[in-house]
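Colleague: data-v9.cif is reproduced in full below (mmCIF, C-alpha atoms).
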```cif
data_structure
loop_
_atom_site.label_atom_id
_atom_site.label_comp_id
_atom_site.auth_asym_id
_atom_site.auth_seq_id
_atom_site.Cartn_x
_atom_site.Cartn_y
_atom_site.Cartn_z
CA MET J 13 -29.91 -8.76 1.32
CA GLU J 14 -29.90 -5.06 0.44
CA ILE J 15 -26.52 -3.31 0.52
CA ILE J 16 -26.60 -0.38 2.93
CA ARG J 17 -24.55 2.66 1.88
CA LEU J 18 -26.65 5.39 3.49
CA TYR J 19 -25.49 5.49 7.12
CA PRO J 20 -27.03 7.68 9.85
CA GLU J 21 -23.71 9.52 10.13
CA CYS J 22 -23.87 10.31 6.40
CA VAL J 23 -27.38 11.74 6.77
CA LYS J 24 -26.27 13.94 9.66
CA CYS J 25 -23.28 15.23 7.68
CA LEU J 26 -25.35 15.85 4.54
CA LEU J 27 -27.99 17.83 6.42
CA SER J 28 -25.38 19.90 8.24
CA LYS J 29 -23.66 20.82 4.97
CA GLN J 30 -26.95 21.66 3.28
CA LEU J 31 -27.84 24.08 6.08
CA GLU J 32 -24.57 25.86 5.33
CA LYS J 33 -25.48 26.03 1.64
CA CYS J 34 -28.55 28.21 2.24
CA PRO J 35 -27.78 31.83 1.30
CA LYS J 36 -27.71 33.97 4.44
CA ASP J 37 -29.94 36.58 2.82
CA ALA J 38 -32.55 34.07 1.61
CA PRO J 39 -36.05 34.51 3.13
CA LEU J 40 -36.73 32.21 6.07
CA GLU J 41 -39.69 30.65 4.25
CA GLN J 42 -37.42 29.69 1.33
CA LYS J 43 -34.78 28.23 3.65
CA VAL J 44 -37.39 26.09 5.40
CA GLU J 45 -38.75 24.93 2.03
CA TYR J 46 -35.23 24.03 0.88
CA ILE J 47 -34.47 21.94 3.99
CA GLN J 48 -37.85 20.22 3.72
CA LYS J 49 -37.05 19.23 0.15
CA VAL J 50 -33.59 18.02 1.21
CA LEU J 51 -35.21 15.89 3.92
CA LYS J 52 -37.58 14.46 1.31
CA ILE J 53 -34.62 13.49 -0.90
CA VAL J 54 -33.08 11.60 2.02
CA ALA J 55 -36.37 10.05 3.17
CA GLU J 56 -37.20 8.68 -0.27
CA ALA J 57 -33.72 7.33 -1.02
CA PRO J 58 -33.19 3.56 -0.95
CA LYS J 59 -30.80 2.45 1.80
CA SER J 60 -28.37 1.38 -0.91
CA THR J 61 -28.03 4.99 -2.12
CA SER J 62 -24.61 6.50 -1.38
CA ALA J 63 -24.02 10.04 -0.19
CA PRO J 64 -22.49 11.26 -3.51
CA VAL J 65 -25.68 10.29 -5.37
CA LEU J 66 -27.80 12.31 -2.92
CA VAL J 67 -25.39 15.24 -3.06
CA ARG J 68 -25.90 15.48 -6.82
CA GLN J 69 -29.67 15.74 -6.27
CA MET J 70 -29.16 18.38 -3.56
CA TYR J 71 -26.86 20.46 -5.77
CA ASP J 72 -29.52 20.38 -8.50
CA LEU J 73 -32.03 21.61 -5.91
CA GLN J 74 -29.71 24.44 -4.80
CA LYS J 75 -29.33 25.59 -8.39
CA GLU J 76 -33.09 25.44 -8.96
CA MET J 77 -34.06 27.33 -5.79
CA PHE J 78 -31.16 29.73 -5.24
CA GLY J 79 -29.32 29.82 -8.55
CA ILE J 80 -26.19 28.61 -6.74
CA PHE J 81 -23.41 27.21 -8.89
CA THR J 82 -19.81 27.32 -7.73
CA ASP J 83 -17.39 27.43 -10.67
CA TYR J 84 -14.19 25.57 -9.76
CA THR J 85 -12.58 25.98 -13.20
CA GLU J 86 -9.94 28.49 -12.11
CA ILE J 87 -8.93 26.77 -8.87
CA LYS J 88 -8.84 23.38 -10.61
CA SER J 89 -6.45 24.68 -13.23
CA TYR J 90 -4.35 26.30 -10.52
CA PHE J 91 -3.83 23.05 -8.60
CA ASN J 92 -3.23 21.12 -11.83
CA LYS J 93 -0.40 23.53 -12.60
CA VAL J 94 0.97 23.35 -9.04
CA MET J 95 1.19 19.57 -9.25
CA LEU J 96 2.57 19.60 -12.81
CA GLY J 97 5.38 21.78 -11.48
CA LEU J 98 6.24 18.97 -9.04
CA GLU J 99 5.80 16.10 -11.50
CA ASP J 100 9.46 15.55 -12.45
CA ARG J 101 10.66 15.68 -8.84
CA LEU J 102 7.99 13.28 -7.64
CA TRP J 103 8.71 10.87 -10.50
CA MET J 104 12.39 10.87 -9.58
CA GLU J 105 11.49 10.24 -5.92
CA ILE J 106 9.29 7.31 -6.93
CA ASN J 107 12.02 5.70 -9.04
CA ASN J 108 14.70 6.27 -6.39
CA ALA J 109 12.57 4.89 -3.54
CA GLU J 110 13.39 1.54 -1.98
CA ASP J 111 9.87 0.43 -2.98
CA SER J 112 8.67 2.44 -5.98
CA LEU J 113 5.14 1.02 -5.90
CA LYS J 114 4.70 1.93 -2.26
CA ARG J 115 5.97 5.46 -2.83
CA ALA J 116 3.66 5.96 -5.83
CA ILE J 117 0.71 4.89 -3.68
CA GLN J 118 1.80 7.24 -0.89
CA TYR J 119 1.91 10.19 -3.28
CA ALA J 120 -1.48 9.18 -4.70
CA MET J 121 -2.90 9.13 -1.17
CA ILE J 122 -1.48 12.59 -0.41
CA GLY J 123 -2.84 13.97 -3.69
CA ASN J 124 -6.33 13.19 -2.40
CA TYR J 125 -5.92 16.10 0.04
CA ILE J 126 -7.00 18.42 -2.80
CA ASP J 127 -10.70 18.05 -2.05
CA PHE J 128 -12.86 21.16 -1.85
CA ALA J 129 -15.98 19.09 -1.15
CA ALA J 130 -14.63 17.61 2.09
CA LEU J 131 -12.40 20.46 3.27
CA LYS J 132 -13.31 24.10 3.77
CA ASN J 133 -9.77 25.18 2.97
CA VAL J 134 -7.26 23.41 0.73
CA ASP J 135 -3.92 25.01 1.44
CA GLU J 136 -0.99 24.75 -0.98
CA GLU J 137 1.60 24.94 1.80
CA THR J 138 -0.11 22.12 3.71
CA LEU J 139 -0.17 20.06 0.52
CA LEU J 140 3.57 20.53 0.03
CA CYS J 141 4.23 19.55 3.66
CA PHE J 142 2.17 16.38 3.20
CA LEU J 143 4.09 15.51 0.03
CA ASP J 144 7.42 15.98 1.83
CA LYS J 145 6.27 13.47 4.47
CA ALA J 146 4.64 11.04 2.04
CA SER J 147 7.01 8.21 2.98
CA GLU J 148 5.43 8.21 6.46
CA GLU J 149 1.98 7.32 5.13
CA ASN J 150 0.87 3.86 6.20
CA VAL J 151 0.31 1.32 3.42
CA ASP J 152 -0.99 -2.14 4.27
CA GLU J 153 1.89 -4.48 3.38
CA LYS J 154 -0.32 -7.46 2.57
CA GLU J 155 -2.51 -5.44 0.22
CA LEU J 156 0.61 -3.88 -1.31
CA GLU J 157 1.97 -7.31 -2.22
CA ASN J 158 -1.40 -8.41 -3.56
CA LEU J 159 -1.51 -5.33 -5.78
CA ARG J 160 2.10 -5.87 -6.93
CA ASN J 161 1.24 -9.41 -8.02
CA GLU J 162 -1.96 -8.32 -9.76
CA ILE J 163 -0.13 -5.62 -11.70
CA ALA J 164 2.45 -8.18 -12.83
CA ALA J 165 -0.26 -10.55 -14.07
CA GLY J 166 -2.82 -8.00 -15.21
CA LYS J 167 -3.93 -7.17 -18.74
CA GLU J 168 -6.76 -4.65 -18.28
CA VAL J 169 -6.67 -2.07 -15.49
CA VAL J 170 -9.25 0.62 -14.83
CA TYR J 171 -8.11 3.64 -12.84
CA LEU J 172 -10.99 5.70 -11.42
CA LEU J 173 -9.89 9.29 -10.91
CA ASP J 174 -11.11 11.75 -8.31
CA ASN J 175 -9.91 15.36 -7.99
CA CYS J 176 -7.99 18.01 -9.89
CA GLY J 177 -4.28 18.33 -9.01
CA GLU J 178 -4.43 14.87 -7.50
CA ILE J 179 -4.73 13.62 -11.07
CA VAL J 180 -0.99 14.30 -11.50
CA THR J 181 -0.09 11.84 -8.72
CA ASP J 182 -2.44 9.37 -10.41
CA LYS J 183 -0.63 9.95 -13.69
CA LEU J 184 2.67 9.08 -11.99
CA PHE J 185 1.12 5.94 -10.47
CA MET J 186 -0.11 4.86 -13.91
CA ARG J 187 3.33 5.53 -15.42
CA LEU J 188 4.83 3.24 -12.80
CA ILE J 189 2.25 0.51 -13.43
CA LYS J 190 3.16 0.55 -17.13
CA GLN J 191 6.85 0.51 -16.22
CA MET J 192 6.24 -2.57 -14.04
CA ASN J 193 4.20 -4.31 -16.74
CA PRO J 194 4.63 -2.85 -20.27
CA GLN J 195 1.93 -5.19 -21.63
CA ILE J 196 -0.79 -3.85 -19.36
CA HIS J 197 -3.53 -1.57 -20.70
CA ILE J 198 -4.92 1.15 -18.43
CA THR J 199 -8.17 3.04 -18.91
CA ALA J 200 -8.46 6.19 -16.81
CA VAL J 201 -12.02 7.25 -15.98
CA VAL J 202 -12.88 10.88 -15.16
CA ARG J 203 -16.24 12.44 -14.27
CA GLY J 204 -18.76 12.92 -17.04
CA GLY J 205 -19.60 16.48 -16.06
CA GLN J 206 -18.63 19.34 -13.78
CA VAL J 207 -18.94 18.38 -10.12
CA MET J 208 -17.05 20.45 -7.54
CA ASN J 209 -13.29 20.11 -8.13
CA ASP J 210 -13.46 16.55 -9.48
CA ALA J 211 -11.35 15.71 -12.52
CA THR J 212 -13.00 15.86 -15.94
CA ARG J 213 -11.65 15.37 -19.47
CA GLU J 214 -10.43 18.97 -19.43
CA ASP J 215 -8.26 18.25 -16.39
CA ALA J 216 -6.94 15.03 -17.94
CA TYR J 217 -5.93 16.91 -21.08
CA GLU J 218 -4.40 19.77 -19.07
CA VAL J 219 -2.03 17.39 -17.26
CA GLU J 220 -1.49 15.39 -20.51
CA LEU J 221 -2.79 12.16 -19.03
CA ASP J 222 -4.17 11.26 -22.46
CA LYS J 223 -0.59 11.02 -23.77
CA ILE J 224 0.20 8.03 -21.57
CA THR J 225 -3.10 6.15 -21.39
CA THR J 226 -6.70 5.92 -22.60
CA VAL J 227 -9.05 8.47 -20.99
CA ILE J 228 -12.84 8.14 -20.93
CA ASP J 229 -15.53 9.80 -18.84
CA SER J 230 -18.14 8.07 -16.67
CA GLY J 231 -21.06 9.77 -18.37
CA SER J 232 -22.25 11.01 -14.98
CA ASN J 233 -21.64 14.11 -12.87
CA ILE J 234 -21.95 12.20 -9.60
CA ALA J 235 -18.82 12.56 -7.44
CA GLY J 236 -18.21 8.83 -7.53
CA ILE J 237 -19.01 5.82 -9.71
CA SER J 238 -22.65 4.91 -9.27
CA LEU J 239 -23.04 1.80 -11.45
CA ALA J 240 -26.70 2.64 -12.06
CA ASP J 241 -25.82 6.07 -13.48
CA ILE J 242 -22.67 5.64 -15.58
CA LYS J 243 -22.73 5.10 -19.35
CA GLU J 244 -22.52 1.67 -20.99
CA GLU J 245 -18.93 2.16 -22.20
CA ALA J 246 -17.75 2.71 -18.63
CA LYS J 247 -19.80 -0.24 -17.34
CA GLU J 248 -18.31 -2.58 -19.93
CA ILE J 249 -14.77 -1.46 -19.16
CA LEU J 250 -15.32 -2.01 -15.43
CA ASP J 251 -16.87 -5.44 -16.06
CA ASN J 252 -13.90 -6.53 -18.20
CA ALA J 253 -11.15 -5.22 -15.91
CA ASP J 254 -8.74 -7.58 -14.18
CA LEU J 255 -8.04 -4.88 -11.65
CA ILE J 256 -9.65 -1.60 -10.62
CA ILE J 257 -7.92 1.18 -8.70
CA ALA J 258 -10.37 3.68 -7.23
CA LYS J 259 -9.17 7.04 -5.96
CA GLY J 260 -11.04 9.11 -3.43
CA GLN J 261 -13.73 8.63 -0.82
CA GLY J 262 -16.56 9.28 -3.29
CA ASN J 263 -15.56 6.29 -5.40
CA PHE J 264 -15.35 4.18 -2.24
CA GLU J 265 -18.78 5.30 -1.03
CA THR J 266 -20.45 4.51 -4.34
CA LEU J 267 -18.66 1.21 -5.05
CA HIS J 268 -17.87 -0.62 -1.82
CA GLN J 269 -19.57 -4.04 -1.58
CA CYS J 270 -20.16 -4.08 -5.37
CA GLY J 271 -18.22 -7.36 -5.74
CA LYS J 272 -15.56 -6.08 -8.15
CA ASN J 273 -11.79 -6.43 -7.65
CA ILE J 274 -11.06 -2.91 -6.41
CA TYR J 275 -8.15 -1.34 -4.53
CA TYR J 276 -9.28 1.87 -2.83
CA ILE J 277 -6.77 4.67 -2.26
CA PHE J 278 -7.65 7.92 -0.52
CA MET J 279 -6.83 10.26 2.34
CA CYS J 280 -9.52 9.71 4.94
CA LYS J 281 -11.38 12.94 5.82
CA CYS J 282 -14.41 11.32 7.44
CA THR J 283 -14.72 9.71 10.89
CA MET J 284 -16.93 7.00 9.36
CA PHE J 285 -13.92 5.33 7.72
CA MET J 286 -11.19 5.99 10.28
#
```
Starting from the file, give its structure as structure tokens.
Modeller:
Amino acid sequence: MEIIRLYPECVKCLLSKQLEKCPKDAPLEQKVEYIQKVLKIVAEAPKSTSAPVLVRQMYDLQKEMFGIFTDYTEIKSYFNKVMLGLEDRLWMEINNAEDSLKRAIQYAMIGNYIDFAALKNVDEETLLCFLDKASEENVDEKELENLRNEIAAGKEVVYLLDNCGEIVTDKLFMRLIKQMNPQIHITAVVRGGQVMNDATREDAYEVELDKITTVIDSGSNIAGISLADIKEEAKEILDNADLIIAKGQGNFETLHQCGKNIYYIFMCKCTMFM
């Protein structure tokens, strides 16, 4: 039975966002042509195709037709630095918490707020307020205990990263995992190319993630992990992992129902998953 990842709600959302992407001063004929081509991308996609895979195709189309390319380099570096400035305090909070694993997960969830693809405005003050209230975030207790046991017994963990800034909370989570089980090996996977504000090797190096664990890229600039598009090295690492931790909605959309042992962590910004 074919896995369905392309829901009607996703199509509606994709089309709405693509309408917003048309330059206001573009000729009407060009706008109509663009939307027709977007509709063709959706119409020809297999039902198993996730939204992030289609978005990559639509961004390529935007660049081809309108020359649109949003450079997130500056804002990515800014939020990396903001979160690095909080790193020591957050690490202390994690270690002083009644349940350090739970607190690390809560911070990782809050870090997923830094998402320029899903939100029109990512506000630093709002981010800080969310971090201050992180202990109020709901974490499923049964899944928490399952994860705790898997970390204790695990040998190979793959941590799939999502956005800039957020990558610092992921770094803290990985530090805690290694503190809980010093024998465990973690491979952190970033995007294989520039895609919105998603974390790449440059972001990993900026926050010095490479100093605490192995960092590789997926080989793909899709905002998720599409198993059909990532490079062989990443596929092999995922196949050999005891445990996979996937950050962000894009990784969930591309991987859910894939049959691997994955714990998904993200801040929900879509009514589909609420």
Colleague: Rank nothing, just name the residue among J:Thr226, J:Gln48, J:Ser60, J:Gln206 nearest to Leu267 in chain J, using only C-alpha atoms.
Modeller: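 Using only C-alpha atoms, Leu267 in chain J sits closest to J:Ser60.
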Colleague: Between CA of Ala211 in chain J and CA of Leu102 in chain J, what distance in Å does the model show, to one decimal?
Modeller: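 Taking CA of Ala211 in chain J as the start and CA of Leu102 in chain J as the end point, the length is 20.1 Å.
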Colleague: Find the spatial neighbours of Lys75 in chain J, counting only C-alpha atoms, within a cut-off of 12 Å - ignore same-chain residues fewer than 5 positions away - and output them as a list in words.
Modeller: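 Counting only C-alpha atoms, the residues come to Lys33, Cys34, Pro35, Tyr46, Arg68, Gln69, Met70, Ile80, Phe81 and Thr82 of chain J.
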Colleague: Given the selection you just returned, output its residues as a file containing C-alpha atoms, formatted as a PDB file, in the coordinates of the input.
Modeller:
```
ATOM      1  CA  LYS J  33     -25.480  26.030   1.640  1.00  0.00           C
ATOM      2  CA  CYS J  34     -28.550  28.210   2.240  1.00  0.00           C
ATOM      3  CA  PRO J  35     -27.780  31.830   1.300  1.00  0.00           C
ATOM      4  CA  TYR J  46     -35.230  24.030   0.880  1.00  0.00           C
ATOM      5  CA  ARG J  68     -25.900  15.480  -6.820  1.00  0.00           C
ATOM      6  CA  GLN J  69     -29.670  15.740  -6.270  1.00  0.00           C
ATOM      7  CA  MET J  70     -29.160  18.380  -3.560  1.00  0.00           C
ATOM      8  CA  ILE J  80     -26.190  28.610  -6.740  1.00  0.00           C
ATOM      9  CA  PHE J  81     -23.410  27.210  -8.890  1.00  0.00           C
ATOM     10  CA  THR J  82     -19.810  27.320  -7.730  1.00  0.00           C
TER      11      THR J  82
END
```
Colleague: Please indicate the distance in Å from CA of Asp210 in chain J to CA of Trp103 in chain J, rounded to one decimal place.
Modeller: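 It comes out at 22.9 Å.
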Colleague: When distances are computed from all atoms listed in the file, which of J:Arg17, J:Lys223, J:Lys36, J:Arg203 shows the smallest separation from Phe78 in chain J?
Modeller: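 The shortest atom-to-atom distance to Phe78 in chain J comes from J:Lys36.
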Colleague: Please write the residues picked by the PyMOL selection byres ((chain J and resi 16) around 9) on this file as a PyMOL selection string.
Modeller: chain J and resi 14-15+17-19+58-62
Colleague: Go ahead and dump the residues you just picked, C-alpha atoms, as a short mmCIF file (atom, residue, chain, number, x, y, z; two decimals), keeping the file's coordinate frame.
Modeller:
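Ended up saving to selection_21.cif:
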```cif
data_model
loop_
_atom_site.label_atom_id
_atom_site.label_comp_id
_atom_site.auth_asym_id
_atom_site.auth_seq_id
_atom_site.Cartn_x
_atom_site.Cartn_y
_atom_site.Cartn_z
CA GLU J 14 -29.90 -5.06 0.44
CA ILE J 15 -26.52 -3.31 0.52
CA ARG J 17 -24.55 2.66 1.88
CA LEU J 18 -26.65 5.39 3.49
CA TYR J 19 -25.49 5.49 7.12
CA PRO J 58 -33.19 3.56 -0.95
CA LYS J 59 -30.80 2.45 1.80
CA SER J 60 -28.37 1.38 -0.91
CA THR J 61 -28.03 4.99 -2.12
CA SER J 62 -24.61 6.50 -1.38
#
```
Colleague: May I have the residues within 12 Å of Lys247 in chain J as a count of residues only, using only C-alpha atoms and disregarding those fewer than 5 positions away in the same chain?
Modeller: 16
Colleague: Ranking J:Gln118, J:Thr266, J:Thr85, J:Asn107 by minimum distance to Pro64 in chain J and counting all atoms listed in the file, which one comes first?
Modeller: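 Among J:Gln118, J:Thr266, J:Thr85, J:Asn107, it is J:Thr266 that comes nearest to Pro64 in chain J.
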Colleague: For Cys176 in chain J, work out the shell of residues within 7 Å, counting only C-alpha atoms and skipping chain neighbours fewer than 2 positions away, then give it as a short mmCIF file (atom, residue, chain, number, x, y, z; two decimals) with C-alpha atoms, in the frame of the given file.
Modeller:
```cif
data_model
loop_
_atom_site.label_atom_id
_atom_site.label_comp_id
_atom_site.auth_asym_id
_atom_site.auth_seq_id
_atom_site.Cartn_x
_atom_site.Cartn_y
_atom_site.Cartn_z
CA LYS J 88 -8.84 23.38 -10.61
CA PHE J 91 -3.83 23.05 -8.60
CA ASN J 92 -3.23 21.12 -11.83
CA GLU J 178 -4.43 14.87 -7.50
CA ILE J 179 -4.73 13.62 -11.07
CA ASN J 209 -13.29 20.11 -8.13
CA ASP J 210 -13.46 16.55 -9.48
CA ALA J 211 -11.35 15.71 -12.52
CA ASP J 215 -8.26 18.25 -16.39
#
```
Colleague: With only C-alpha atoms as the basis for distance, which of J:Tyr84, J:Glu76, J:Arg101, J:Leu143 is at the shortest distance from Thr212 in chain J?
Modeller: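 Looking only at the distances to Thr212 in chain J, the closest residue turns out to be J:Tyr84.
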Colleague: Translate the PyMOL selection byres ((chain J and resi 131-139) around 12), as applied to the file shown, into an explicit residue set as a compact mmCIF listing (two decimals) with C-alpha atoms, in the frame of the given file.
Modeller:
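Wrote it out as selection.txt, contents follow:
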```txt
# COMPACT_ATOMS: atom_id res chain seq x y z
CA LYS J 29 -23.66 20.82 4.97
CA GLU J 32 -24.57 25.86 5.33
CA ILE J 87 -8.93 26.77 -8.87
CA LYS J 88 -8.84 23.38 -10.61
CA TYR J 90 -4.35 26.30 -10.52
CA PHE J 91 -3.83 23.05 -8.60
CA ASN J 92 -3.23 21.12 -11.83
CA LYS J 93 -0.40 23.53 -12.60
CA VAL J 94 0.97 23.35 -9.04
CA MET J 95 1.19 19.57 -9.25
CA LEU J 98 6.24 18.97 -9.04
CA TYR J 119 1.91 10.19 -3.28
CA MET J 121 -2.90 9.13 -1.17
CA ILE J 122 -1.48 12.59 -0.41
CA GLY J 123 -2.84 13.97 -3.69
CA ASN J 124 -6.33 13.19 -2.40
CA TYR J 125 -5.92 16.10 0.04
CA ILE J 126 -7.00 18.42 -2.80
CA ASP J 127 -10.70 18.05 -2.05
CA PHE J 128 -12.86 21.16 -1.85
CA ALA J 129 -15.98 19.09 -1.15
CA ALA J 130 -14.63 17.61 2.09
CA LEU J 140 3.57 20.53 0.03
CA CYS J 141 4.23 19.55 3.66
CA PHE J 142 2.17 16.38 3.20
CA LEU J 143 4.09 15.51 0.03
CA ASP J 144 7.42 15.98 1.83
CA LYS J 145 6.27 13.47 4.47
CA ALA J 146 4.64 11.04 2.04
CA CYS J 176 -7.99 18.01 -9.89
CA GLY J 177 -4.28 18.33 -9.01
CA GLU J 178 -4.43 14.87 -7.50
CA MET J 208 -17.05 20.45 -7.54
CA ASN J 209 -13.29 20.11 -8.13
CA MET J 279 -6.83 10.26 2.34
CA CYS J 280 -9.52 9.71 4.94
CA LYS J 281 -11.38 12.94 5.82
CA CYS J 282 -14.41 11.32 7.44
```
Colleague: Evaluated on this file, the PyMOL selection byres ((chain J and resi 235) around 6) picks out some residues - which ones are they, written as a ChimeraX atom specification?
Modeller: /J:64,234,236,262
Colleague: Counting only C-alpha atoms, what is within 9 Å of Ile198 in chain J, bar same-chain residues fewer than 2 positions away, as a list in words?
Modeller: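 Using only C-alpha atoms, the neighbours found are Lys167, Glu168, Val169, Val170, Tyr171, Met186, Ile189, Lys190, Ile196, Ala200, Thr225, Thr226 and Val227 of chain J.
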Colleague: Mind pulling up the distance from CA of Val219 in chain J to CA of Ala164 in chain J?
Modeller: 26.3 Å
Colleague: So that I can see what lies close to Asn161 in chain J, please list as a VMD selection string the residues with an atom at most 12 Å from it, counting only C-alpha atoms and leaving out residues fewer than 2 positions away in the same chain.
Modeller: chain J and resid 113 154 to 159 163 to 166 189 192 to 193 254 to 255
Colleague: Pick the closest to Leu96 in chain J from J:Pro194, J:Thr181, J:Cys270, J:Ile277: which is it, counting only C-alpha atoms?
Modeller: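 So, comparing all the options, the nearest one is J:Thr181.
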Colleague: From the set J:Ile224, J:Leu66, J:Ala246, J:Leu40, which residue has the shortest atom-to-atom contact distance to Leu27 in chain J, counting only C-alpha atoms?
Modeller: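 Nearest candidate to Leu27 in chain J out of J:Ile224, J:Leu66, J:Ala246, J:Leu40: J:Leu66.
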